[in-house]
$ cat coords.cif   # mmCIF, C-alpha atoms and all ligand atoms
data_my_file
#
loop_
_atom_site.group_PDB
_atom_site.id
_atom_site.type_symbol
_atom_site.label_atom_id
_atom_site.label_comp_id
_atom_site.auth_asym_id
_atom_site.auth_seq_id
_atom_site.Cartn_x
_atom_site.Cartn_y
_atom_site.Cartn_z
ATOM 1 C CA MET P 1 158.427 110.462 25.334
ATOM 2 C CA THR P 2 160.595 109.162 28.156
ATOM 3 C CA VAL P 3 163.770 107.293 27.426
ATOM 4 C CA ARG P 4 164.896 105.693 30.667
ATOM 5 C CA ALA P 5 168.441 104.726 31.623
ATOM 6 C CA VAL P 6 169.111 101.032 31.021
ATOM 7 C CA LEU P 7 170.888 99.188 33.833
ATOM 8 C CA ARG P 8 174.018 97.302 32.875
ATOM 9 C CA LEU P 9 175.364 93.893 33.784
ATOM 10 C CA GLY P 10 176.691 94.021 37.338
ATOM 11 C CA ASP P 11 173.782 96.054 38.706
ATOM 12 C CA SER P 12 172.158 93.900 41.373
ATOM 13 C CA ARG P 13 168.662 95.008 40.340
ATOM 14 C CA LEU P 14 169.079 92.963 37.140
ATOM 15 C CA ARG P 15 169.418 89.841 39.302
ATOM 16 C CA GLU P 16 166.170 90.132 41.247
ATOM 17 C CA MET P 17 163.057 88.049 40.666
ATOM 18 C CA ALA P 18 160.531 90.566 39.312
ATOM 19 C CA GLN P 19 157.091 90.828 40.930
ATOM 20 C CA PRO P 20 153.836 89.869 39.161
ATOM 21 C CA VAL P 21 151.587 92.722 38.058
ATOM 22 C CA LYS P 22 148.337 92.684 40.056
ATOM 23 C CA ASP P 23 146.444 95.734 38.748
ATOM 24 C CA PHE P 24 145.934 96.280 35.040
ATOM 25 C CA GLY P 25 145.108 99.455 33.163
ATOM 26 C CA THR P 26 146.457 101.699 35.922
ATOM 27 C CA PRO P 27 148.239 104.974 35.032
ATOM 28 C CA GLN P 28 151.378 103.597 36.672
ATOM 29 C CA LEU P 29 151.396 100.440 34.523
ATOM 30 C CA LEU P 30 150.564 102.335 31.333
ATOM 31 C CA GLU P 31 153.392 104.777 32.019
ATOM 32 C CA LEU P 32 155.815 101.906 32.574
ATOM 33 C CA CYS P 33 154.729 100.346 29.252
ATOM 34 C CA SER P 34 155.117 103.656 27.450
ATOM 35 C CA ASP P 35 158.604 104.182 28.921
ATOM 36 C CA LEU P 36 159.636 100.649 27.912
ATOM 37 C CA LYS P 37 158.479 101.312 24.343
ATOM 38 C CA ASP P 38 160.224 104.704 24.109
ATOM 39 C CA THR P 39 163.438 103.300 25.562
ATOM 40 C CA MET P 40 163.504 100.174 23.375
ATOM 41 C CA GLU P 41 162.849 102.220 20.235
ATOM 42 C CA ALA P 42 165.363 104.946 21.076
ATOM 43 C CA LEU P 43 168.079 102.305 21.515
ATOM 44 C CA SER P 44 166.976 100.123 18.564
ATOM 45 C CA GLY P 45 166.569 97.144 20.873
ATOM 46 C CA ALA P 46 164.850 93.917 19.841
ATOM 47 C CA GLY P 47 163.199 93.877 23.253
ATOM 48 C CA LEU P 48 163.347 95.232 26.790
ATOM 49 C CA ALA P 49 162.203 94.051 30.203
ATOM 50 C CA ALA P 50 161.043 96.244 33.091
ATOM 51 C CA PRO P 51 163.928 95.206 35.404
ATOM 52 C CA GLN P 52 166.331 96.679 32.842
ATOM 53 C CA ILE P 53 164.963 100.146 33.640
ATOM 54 C CA GLY P 54 164.992 99.412 37.362
ATOM 55 C CA VAL P 55 161.341 98.389 37.761
ATOM 56 C CA SER P 56 160.783 95.028 39.442
ATOM 57 C CA SER P 57 157.626 94.062 37.529
ATOM 58 C CA ARG P 58 156.917 91.147 35.214
ATOM 59 C CA VAL P 59 156.527 93.259 32.072
ATOM 60 C CA VAL P 60 158.405 92.822 28.782
ATOM 61 C CA ILE P 61 158.186 94.457 25.379
ATOM 62 C CA PHE P 62 159.615 93.249 22.089
ATOM 63 C CA GLY P 63 159.296 93.523 18.322
ATOM 64 C CA GLY P 64 157.869 96.293 16.250
ATOM 65 C CA GLY P 65 159.325 98.427 13.544
ATOM 66 C CA GLY P 66 160.982 97.004 10.495
ATOM 67 C CA PRO P 67 163.800 94.488 10.358
ATOM 68 C CA ASN P 68 166.242 95.082 13.195
ATOM 69 C CA PRO P 69 169.645 96.067 11.742
ATOM 70 C CA ARG P 70 171.278 93.915 14.396
ATOM 71 C CA TYR P 71 169.269 90.874 13.263
ATOM 72 C CA PRO P 72 168.930 91.359 9.503
ATOM 73 C CA ASP P 73 167.782 87.808 8.743
ATOM 74 C CA ALA P 74 164.948 87.722 11.267
ATOM 75 C CA LEU P 75 161.279 87.851 10.284
ATOM 76 C CA PRO P 76 159.507 90.907 11.715
ATOM 77 C CA VAL P 77 158.070 90.388 15.197
ATOM 78 C CA PRO P 78 154.848 92.285 16.045
ATOM 79 C CA LEU P 79 155.224 94.975 18.701
ATOM 80 C CA THR P 80 154.115 93.164 21.840
ATOM 81 C CA LEU P 81 153.711 94.134 25.473
ATOM 82 C CA LEU P 82 153.512 90.985 27.562
ATOM 83 C CA ILE P 83 152.726 90.946 31.277
ATOM 84 C CA ASN P 84 153.074 88.060 33.746
ATOM 85 C CA PRO P 85 154.182 85.802 30.887
ATOM 86 C CA GLU P 86 154.259 82.029 30.882
ATOM 87 C CA LEU P 87 156.254 80.068 28.346
ATOM 88 C CA LYS P 88 155.816 76.454 27.257
ATOM 89 C CA PRO P 89 158.247 74.869 24.814
ATOM 90 C CA ILE P 90 156.726 73.003 21.851
ATOM 91 C CA GLY P 91 158.727 69.940 20.909
ATOM 92 C CA GLU P 92 162.341 69.178 21.651
ATOM 93 C CA GLY P 93 163.990 71.324 18.996
ATOM 94 C CA ARG P 94 166.677 73.699 20.153
ATOM 95 C CA SER P 95 169.152 75.790 18.251
ATOM 96 C CA LEU P 96 172.076 78.124 18.700
ATOM 97 C CA GLY P 97 171.862 81.804 17.900
ATOM 98 C CA TRP P 98 173.789 84.979 18.634
ATOM 99 C CA GLU P 99 172.224 87.311 21.173
ATOM 100 C CA GLY P 100 172.890 90.776 22.444
ATOM 101 C CA CYS P 101 171.284 92.784 25.220
ATOM 102 C CA LEU P 102 170.904 96.488 25.968
ATOM 103 C CA SER P 103 172.210 95.669 29.475
ATOM 104 C CA VAL P 104 175.339 94.066 27.987
ATOM 105 C CA PRO P 105 176.211 96.724 25.411
ATOM 106 C CA GLY P 106 178.664 95.977 22.631
ATOM 107 C CA LEU P 107 178.796 92.231 23.238
ATOM 108 C CA ARG P 108 177.234 89.230 21.583
ATOM 109 C CA GLY P 109 177.164 85.606 22.653
ATOM 110 C CA GLN P 110 175.871 82.328 21.310
ATOM 111 C CA VAL P 111 172.953 80.885 23.286
ATOM 112 C CA GLU P 112 170.905 77.731 22.836
ATOM 113 C CA ARG P 113 167.122 78.262 22.948
ATOM 114 C CA CYS P 114 163.923 76.339 22.169
ATOM 115 C CA ASN P 115 162.932 76.683 18.521
ATOM 116 C CA ARG P 116 159.207 76.772 19.131
ATOM 117 C CA LEU P 117 157.066 77.709 22.089
ATOM 118 C CA ARG P 118 153.660 78.815 23.195
ATOM 119 C CA TYR P 119 153.489 81.915 25.335
ATOM 120 C CA CYS P 120 150.629 83.525 27.132
ATOM 121 C CA GLY P 121 150.148 86.542 29.347
ATOM 122 C CA TRP P 122 148.231 89.780 29.686
ATOM 123 C CA THR P 123 148.069 93.068 27.815
ATOM 124 C CA PRO P 124 148.486 96.311 29.814
ATOM 125 C CA GLU P 125 144.671 96.647 29.783
ATOM 126 C CA GLY P 126 144.238 93.189 31.303
ATOM 127 C CA GLU P 127 143.313 91.138 28.244
ATOM 128 C CA TRP P 128 144.712 87.592 28.247
ATOM 129 C CA PHE P 129 146.308 86.315 25.051
ATOM 130 C CA GLU P 130 148.451 83.502 23.787
ATOM 131 C CA ARG P 131 150.586 82.789 20.737
ATOM 132 C CA SER P 132 152.598 79.966 19.246
ATOM 133 C CA VAL P 133 155.830 81.220 17.747
ATOM 134 C CA GLU P 134 159.151 79.985 16.429
ATOM 135 C CA GLY P 135 162.578 81.112 15.364
ATOM 136 C CA PHE P 136 163.700 84.640 16.185
ATOM 137 C CA HIS P 137 160.333 85.542 17.761
ATOM 138 C CA ALA P 138 160.664 82.565 20.126
ATOM 139 C CA ARG P 139 164.263 83.482 20.919
ATOM 140 C CA VAL P 140 163.391 87.089 21.784
ATOM 141 C CA VAL P 141 160.568 86.029 24.123
ATOM 142 C CA GLN P 142 162.851 83.605 25.956
ATOM 143 C CA HIS P 143 165.580 86.241 26.278
ATOM 144 C CA GLU P 144 163.199 88.926 27.591
ATOM 145 C CA CYS P 145 161.385 86.626 30.008
ATOM 146 C CA ASP P 146 164.740 85.484 31.429
ATOM 147 C CA HIS P 147 165.217 89.080 32.612
ATOM 148 C CA LEU P 148 162.137 88.681 34.835
ATOM 149 C CA ASP P 149 163.947 85.895 36.694
ATOM 150 C CA GLY P 150 167.238 87.792 36.970
ATOM 151 C CA VAL P 151 168.897 85.832 34.159
ATOM 152 C CA LEU P 152 171.037 87.492 31.462
ATOM 153 C CA PHE P 153 172.276 85.892 28.269
ATOM 154 C CA PRO P 154 175.929 85.552 29.415
ATOM 155 C CA ASP P 155 174.575 83.117 32.059
ATOM 156 C CA ARG P 156 173.446 80.862 29.223
ATOM 157 C CA LEU P 157 176.443 80.976 26.886
ATOM 158 C CA HIS P 158 176.832 77.836 24.821
ATOM 159 C CA THR P 159 180.571 78.178 25.325
ATOM 160 C CA PRO P 160 182.676 81.032 26.723
ATOM 161 C CA GLN P 161 184.557 81.049 23.387
ATOM 162 C CA ALA P 162 181.423 82.128 21.491
ATOM 163 C CA PHE P 163 181.199 85.476 23.285
ATOM 164 C CA GLY P 164 182.822 88.808 22.619
ATOM 165 C CA PHE P 165 182.743 92.331 21.319
ATOM 166 C CA ILE P 166 180.810 92.849 18.092
ATOM 167 C CA PRO P 167 183.624 94.304 15.906
ATOM 168 C CA GLU P 168 186.053 91.582 16.994
ATOM 169 C CA LEU P 169 183.497 88.811 16.374
ATOM 170 C CA GLU P 170 182.812 90.284 12.931
ATOM 171 C CA GLN P 171 186.515 90.522 12.206
ATOM 172 C CA SER P 172 187.050 86.895 13.155
ATOM 173 C CA GLY P 173 184.113 85.784 11.009
ATOM 174 C CA MET P 174 182.054 84.448 13.905
ATOM 175 C CA ILE P 175 179.133 86.798 13.242
ATOM 176 C CA PRO P 176 178.186 88.462 9.968
ATOM 177 C CA MET P 177 179.143 92.105 9.482
ATOM 178 C CA VAL P 178 176.258 94.292 10.661
ATOM 179 C CA PRO P 179 175.617 97.416 8.598
ATOM 180 C CA SER P 180 175.895 100.421 10.923
HETATM 181 NI NI NI Q 201 168.339 91.578 27.346
#

$ encode --input "coords.cif" --output "structure tokens"
Amino acid sequence: MTVRAVLRLGDSRLREMAQPVKDFGTPQLLELCSDLKDTMEALSGAGLAAPQIGVSSRVVIFGGGGPNPRYPDALPVPLTLLINPELKPIGEGRSLGWEGCLSVPGLRGQVERCNRLRYCGWTPEGEWFERSVEGFHARVVQHECDHLDGVLFPDRLHTPQAFGFIPELEQSGMIPMVPS
């Protein structure tokens, strides 16, 4: 069980283009995946990308567990490790949703994302897979894969007014109260 420190907005390592994984099933890659899982779960994150723990590799993890208390209306997303991902939007539909990030603690902002997409990539053992997803699952994948290109959700704010600290946004009725 290794919970790694999560880099925060302003750290230049979050802005790098992460490198593709070339060797699958290696002890190094499996340890990275295990650390990502432990860290995401310890912090109750919806997802986590390798650059957020200071590793410049195209590896993301998301989902798992029950409903996330921060996203009470979302359908459960299966626990997924996704390596060298590629995303393809399906259709033109886009919608606004509130996002947070373990690298931007305490803040939420409204971001427009594709509603539906197809994603593909590799498992840590080197098996290729693909899925078509929508809604919250699609949003999480887009958010996590952005990290691999050095992009964080505040870069994609719908408007600077729809951004702020969670208690203040709750107080002003912009986001629903989250049970703590
Ligand atoms: Ni994030």

$ closest_residue --input "coords.cif" --among "P:His147, P:Arg8, P:Arg131, P:Arg58" --to "P:Ile83" --atoms "all atoms listed in the file"
P:Arg58

$ residues_around --input "coords.cif" --residues "P:Phe163" --least-positions-apart "5" --cutoff "7 Å" --atoms "only C-alpha atoms" --output "PyMOL selection string"
chain P and resi 108-110

$ residues_around --input "coords.cif" --residues "P:Asp35" --least-positions-apart "6" --cutoff "7 Å" --atoms "only C-alpha atoms" --output "CSV table (one decimal) with C-alpha atoms, keeping the file's coordinate frame"
chain,number,residue,atom,x,y,z
P,2,THR,CA,160.6,109.2,28.2
P,3,VAL,CA,163.8,107.3,27.4
P,4,ARG,CA,164.9,105.7,30.7

$ closest_atom_pairs --input "coords.cif" --of "chain P" --to "ligand NI 201 (chain Q)" --cutoff "7 Å" --atoms "all atoms listed in the file" --output "CSV"
residue,atom,partner,partner_atom,distance
P:Gly47,CA,Q:NI201,NI,7.0
P:Leu48,CA,Q:NI201,NI,6.2
P:Gly100,CA,Q:NI201,NI,6.7
P:Cys101,CA,Q:NI201,NI,3.8
P:Leu102,CA,Q:NI201,NI,5.7
P:Ser103,CA,Q:NI201,NI,6.0
P:His143,CA,Q:NI201,NI,6.1
P:Glu144,CA,Q:NI201,NI,5.8
P:His147,CA,Q:NI201,NI,6.6
P:Leu152,CA,Q:NI201,NI,6.4
P:Phe153,CA,Q:NI201,NI,7.0

$ resolve_selection --input "coords.cif" --expression "the PyMOL selection byres (((chain P and resi 50) around 9) and not hetatm)" --output "MDAnalysis selection string"
chainID P and resid 18 32:33 36 48:49 51:61 147:148

$ atom_distance --input "coords.cif" --atom1 "atom CA of P:Pro176" --atom2 "atom CA of P:Trp98"
10.3 Å

$ resolve_selection --input "coords.cif" --expression "the PyMOL selection byres (((chain P and resi 17) around 7) and not hetatm)" --output "VMD selection string"
chain P and resid 15 to 16 18 to 19 148 to 150

$ write_last_selection --input "coords.cif" --atoms "C-alpha atoms" --output "mmCIF file, keeping the file's coordinate frame"
data_model
loop_
_atom_site.group_PDB
_atom_site.id
_atom_site.type_symbol
_atom_site.label_atom_id
_atom_site.label_comp_id
_atom_site.auth_asym_id
_atom_site.auth_seq_id
_atom_site.Cartn_x
_atom_site.Cartn_y
_atom_site.Cartn_z
ATOM 1 C CA ARG P 15 169.418 89.841 39.302
ATOM 2 C CA GLU P 16 166.170 90.132 41.247
ATOM 3 C CA ALA P 18 160.531 90.566 39.312
ATOM 4 C CA GLN P 19 157.091 90.828 40.930
ATOM 5 C CA LEU P 148 162.137 88.681 34.835
ATOM 6 C CA ASP P 149 163.947 85.895 36.694
ATOM 7 C CA GLY P 150 167.238 87.792 36.970
#

$ atom_distance --input "coords.cif" --atom1 "atom CA of P:Val77" --atom2 "atom CA of P:His137"
5.9 Å

$ residues_around --input "coords.cif" --residues "P:Leu107" --least-positions-apart "5" --cutoff "6 Å" --atoms "all atoms listed in the file" --output "compact mmCIF listing (two decimals) with C-alpha atoms, in the frame of the given file"
# COMPACT_ATOMS: atom_id res chain seq x y z
CA GLY P 164 182.82 88.81 22.62
CA PHE P 165 182.74 92.33 21.32
CA ILE P 166 180.81 92.85 18.09

$ resolve_selection --input "coords.cif" --expression "the PyMOL selection byres (((chain P and resi 84) around 7) and not hetatm)" --output "NGL selection string"
:P and (20-21 or 58-59 or 82-83 or 85-86 or 121-122)

$ write_last_selection --input "coords.cif" --atoms "C-alpha atoms" --output "short mmCIF file (atom, residue, chain, number, x, y, z; two decimals), keeping the file's coordinate frame"
data_model
loop_
_atom_site.label_atom_id
_atom_site.label_comp_id
_atom_site.auth_asym_id
_atom_site.auth_seq_id
_atom_site.Cartn_x
_atom_site.Cartn_y
_atom_site.Cartn_z
CA PRO P 20 153.84 89.87 39.16
CA VAL P 21 151.59 92.72 38.06
CA ARG P 58 156.92 91.15 35.21
CA VAL P 59 156.53 93.26 32.07
CA LEU P 82 153.51 90.98 27.56
CA ILE P 83 152.73 90.95 31.28
CA PRO P 85 154.18 85.80 30.89
CA GLU P 86 154.26 82.03 30.88
CA GLY P 121 150.15 86.54 29.35
CA TRP P 122 148.23 89.78 29.69
#

$ residues_around --input "coords.cif" --residues "P:Pro27" --least-positions-apart "6" --cutoff "12 Å" --atoms "only C-alpha atoms" --output "PDB file with C-alpha atoms, keeping the file's coordinate frame"
ATOM      1  CA  CYS P  33     154.729 100.346  29.252  1.00  0.00           C
ATOM      2  CA  SER P  34     155.117 103.656  27.450  1.00  0.00           C
ATOM      3  CA  PRO P 124     148.486  96.311  29.814  1.00  0.00           C
ATOM      4  CA  GLU P 125     144.671  96.647  29.783  1.00  0.00           C
TER       5      GLU P 125
END

$ atom_distance --input "coords.cif" --atom1 "atom CA of P:Val140" --atom2 "atom CA of P:Ser12"
22.5 Å

$ axis_aligned_box --input "coords.cif" --around "stretch 30-44 of chain P" --padding-each-side "4 Å" --output "AutoDock Vina command-line options"
--center_x 159.3 --center_y 102.5 --center_z 25.6 --size_x 25.5 --size_y 12.8 --size_z 22.0

$ residues_around --input "coords.cif" --residues "P:Glu130" --least-positions-apart "5" --cutoff "8 Å" --atoms "all atoms listed in the file" --output "list in words"
Arg118, Tyr119, Cys120 and Gly121 of chain P

$ closest_residue --input "coords.cif" --among "P:Leu43, P:Leu75, P:Leu87, P:Leu29" --to "P:Cys145" --atoms "all atoms listed in the file"
P:Leu87

$ build_atoms --input "coords.cif" --residues "stretch 52-63 of chain P" --atoms "all heavy atoms" --output "PDB file, in the coordinates of the input"
ATOM      1  N   GLN P  52     165.208  95.981  33.476  1.00  0.00           N
ATOM      2  CA  GLN P  52     166.331  96.679  32.842  1.00  0.00           C
ATOM      3  C   GLN P  52     166.248  98.190  33.010  1.00  0.00           C
ATOM      4  O   GLN P  52     167.255  98.880  32.830  1.00  0.00           O
ATOM      5  CB  GLN P  52     166.394  96.346  31.338  1.00  0.00           C
ATOM      6  CG  GLN P  52     166.791  94.901  31.068  1.00  0.00           C
ATOM      7  CD  GLN P  52     166.845  94.638  29.575  1.00  0.00           C
ATOM      8  OE1 GLN P  52     165.846  94.321  28.957  1.00  0.00           O
ATOM      9  NE2 GLN P  52     168.018  94.786  28.979  1.00  0.00           N
ATOM     10  N   ILE P  53     165.051  98.715  33.313  1.00  0.00           N
ATOM     11  CA  ILE P  53     164.963 100.146  33.640  1.00  0.00           C
ATOM     12  C   ILE P  53     164.697 100.327  35.139  1.00  0.00           C
ATOM     13  O   ILE P  53     164.195 101.362  35.573  1.00  0.00           O
ATOM     14  CB  ILE P  53     163.932 100.900  32.763  1.00  0.00           C
ATOM     15  CG1 ILE P  53     162.521 100.334  32.904  1.00  0.00           C
ATOM     16  CG2 ILE P  53     164.375 100.875  31.304  1.00  0.00           C
ATOM     17  CD1 ILE P  53     161.438 101.228  32.266  1.00  0.00           C
ATOM     18  N   GLY P  54     165.019  99.298  35.909  1.00  0.00           N
ATOM     19  CA  GLY P  54     164.992  99.412  37.362  1.00  0.00           C
ATOM     20  C   GLY P  54     163.626  99.224  37.986  1.00  0.00           C
ATOM     21  O   GLY P  54     163.428  99.606  39.143  1.00  0.00           O
ATOM     22  N   VAL P  55     162.685  98.619  37.233  1.00  0.00           N
ATOM     23  CA  VAL P  55     161.341  98.389  37.761  1.00  0.00           C
ATOM     24  C   VAL P  55     161.133  96.885  37.923  1.00  0.00           C
ATOM     25  O   VAL P  55     161.185  96.123  36.954  1.00  0.00           O
ATOM     26  CB  VAL P  55     160.264  98.967  36.817  1.00  0.00           C
ATOM     27  CG1 VAL P  55     158.868  98.667  37.343  1.00  0.00           C
ATOM     28  CG2 VAL P  55     160.456 100.472  36.643  1.00  0.00           C
ATOM     29  N   SER P  56     160.898  96.459  39.162  1.00  0.00           N
ATOM     30  CA  SER P  56     160.783  95.028  39.442  1.00  0.00           C
ATOM     31  C   SER P  56     159.357  94.534  39.200  1.00  0.00           C
ATOM     32  O   SER P  56     158.637  94.174  40.125  1.00  0.00           O
ATOM     33  CB  SER P  56     161.211  94.754  40.887  1.00  0.00           C
ATOM     34  OG  SER P  56     161.156  93.364  41.136  1.00  0.00           O
ATOM     35  N   SER P  57     158.961  94.529  37.925  1.00  0.00           N
ATOM     36  CA  SER P  57     157.626  94.062  37.529  1.00  0.00           C
ATOM     37  C   SER P  57     157.762  93.124  36.351  1.00  0.00           C
ATOM     38  O   SER P  57     158.653  93.307  35.513  1.00  0.00           O
ATOM     39  CB  SER P  57     156.743  95.230  37.081  1.00  0.00           C
ATOM     40  OG  SER P  57     156.388  96.037  38.169  1.00  0.00           O
ATOM     41  N   ARG P  58     156.831  92.143  36.285  1.00  0.00           N
ATOM     42  CA  ARG P  58     156.917  91.147  35.214  1.00  0.00           C
ATOM     43  C   ARG P  58     156.264  91.682  33.935  1.00  0.00           C
ATOM     44  O   ARG P  58     155.171  91.288  33.549  1.00  0.00           O
ATOM     45  CB  ARG P  58     156.311  89.818  35.686  1.00  0.00           C
ATOM     46  CG  ARG P  58     157.019  89.289  36.931  1.00  0.00           C
ATOM     47  CD  ARG P  58     156.597  87.891  37.326  1.00  0.00           C
ATOM     48  NE  ARG P  58     157.213  86.861  36.511  1.00  0.00           N
ATOM     49  CZ  ARG P  58     158.457  86.410  36.637  1.00  0.00           C
ATOM     50  NH1 ARG P  58     159.263  86.913  37.565  1.00  0.00           N
ATOM     51  NH2 ARG P  58     158.896  85.455  35.849  1.00  0.00           N
ATOM     52  N   VAL P  59     156.984  92.612  33.309  1.00  0.00           N
ATOM     53  CA  VAL P  59     156.527  93.259  32.072  1.00  0.00           C
ATOM     54  C   VAL P  59     157.686  93.242  31.069  1.00  0.00           C
ATOM     55  O   VAL P  59     158.801  93.654  31.413  1.00  0.00           O
ATOM     56  CB  VAL P  59     156.117  94.725  32.328  1.00  0.00           C
ATOM     57  CG1 VAL P  59     155.639  95.377  31.035  1.00  0.00           C
ATOM     58  CG2 VAL P  59     155.040  94.820  33.410  1.00  0.00           C
ATOM     59  N   VAL P  60     157.405  92.760  29.851  1.00  0.00           N
ATOM     60  CA  VAL P  60     158.405  92.822  28.782  1.00  0.00           C
ATOM     61  C   VAL P  60     157.766  93.417  27.536  1.00  0.00           C
ATOM     62  O   VAL P  60     156.541  93.379  27.356  1.00  0.00           O
ATOM     63  CB  VAL P  60     159.006  91.433  28.434  1.00  0.00           C
ATOM     64  CG1 VAL P  60     159.696  90.818  29.638  1.00  0.00           C
ATOM     65  CG2 VAL P  60     157.947  90.480  27.878  1.00  0.00           C
ATOM     66  N   ILE P  61     158.625  93.975  26.689  1.00  0.00           N
ATOM     67  CA  ILE P  61     158.186  94.457  25.379  1.00  0.00           C
ATOM     68  C   ILE P  61     159.188  93.943  24.360  1.00  0.00           C
ATOM     69  O   ILE P  61     160.373  93.770  24.675  1.00  0.00           O
ATOM     70  CB  ILE P  61     158.104  96.001  25.360  1.00  0.00           C
ATOM     71  CG1 ILE P  61     157.495  96.489  24.041  1.00  0.00           C
ATOM     72  CG2 ILE P  61     159.458  96.651  25.591  1.00  0.00           C
ATOM     73  CD1 ILE P  61     157.182  97.985  24.029  1.00  0.00           C
ATOM     74  N   PHE P  62     158.701  93.665  23.154  1.00  0.00           N
ATOM     75  CA  PHE P  62     159.615  93.249  22.089  1.00  0.00           C
ATOM     76  C   PHE P  62     158.948  93.476  20.737  1.00  0.00           C
ATOM     77  O   PHE P  62     157.741  93.670  20.641  1.00  0.00           O
ATOM     78  CB  PHE P  62     160.038  91.778  22.245  1.00  0.00           C
ATOM     79  CG  PHE P  62     158.895  90.830  22.460  1.00  0.00           C
ATOM     80  CD1 PHE P  62     158.183  90.325  21.379  1.00  0.00           C
ATOM     81  CD2 PHE P  62     158.505  90.474  23.739  1.00  0.00           C
ATOM     82  CE1 PHE P  62     157.118  89.456  21.577  1.00  0.00           C
ATOM     83  CE2 PHE P  62     157.433  89.618  23.947  1.00  0.00           C
ATOM     84  CZ  PHE P  62     156.743  89.111  22.865  1.00  0.00           C
ATOM     85  N   GLY P  63     159.780  93.428  19.700  1.00  0.00           N
ATOM     86  CA  GLY P  63     159.296  93.523  18.322  1.00  0.00           C
ATOM     87  C   GLY P  63     158.975  94.937  17.896  1.00  0.00           C
ATOM     88  O   GLY P  63     159.355  95.910  18.525  1.00  0.00           O
TER      89      GLY P  63
END
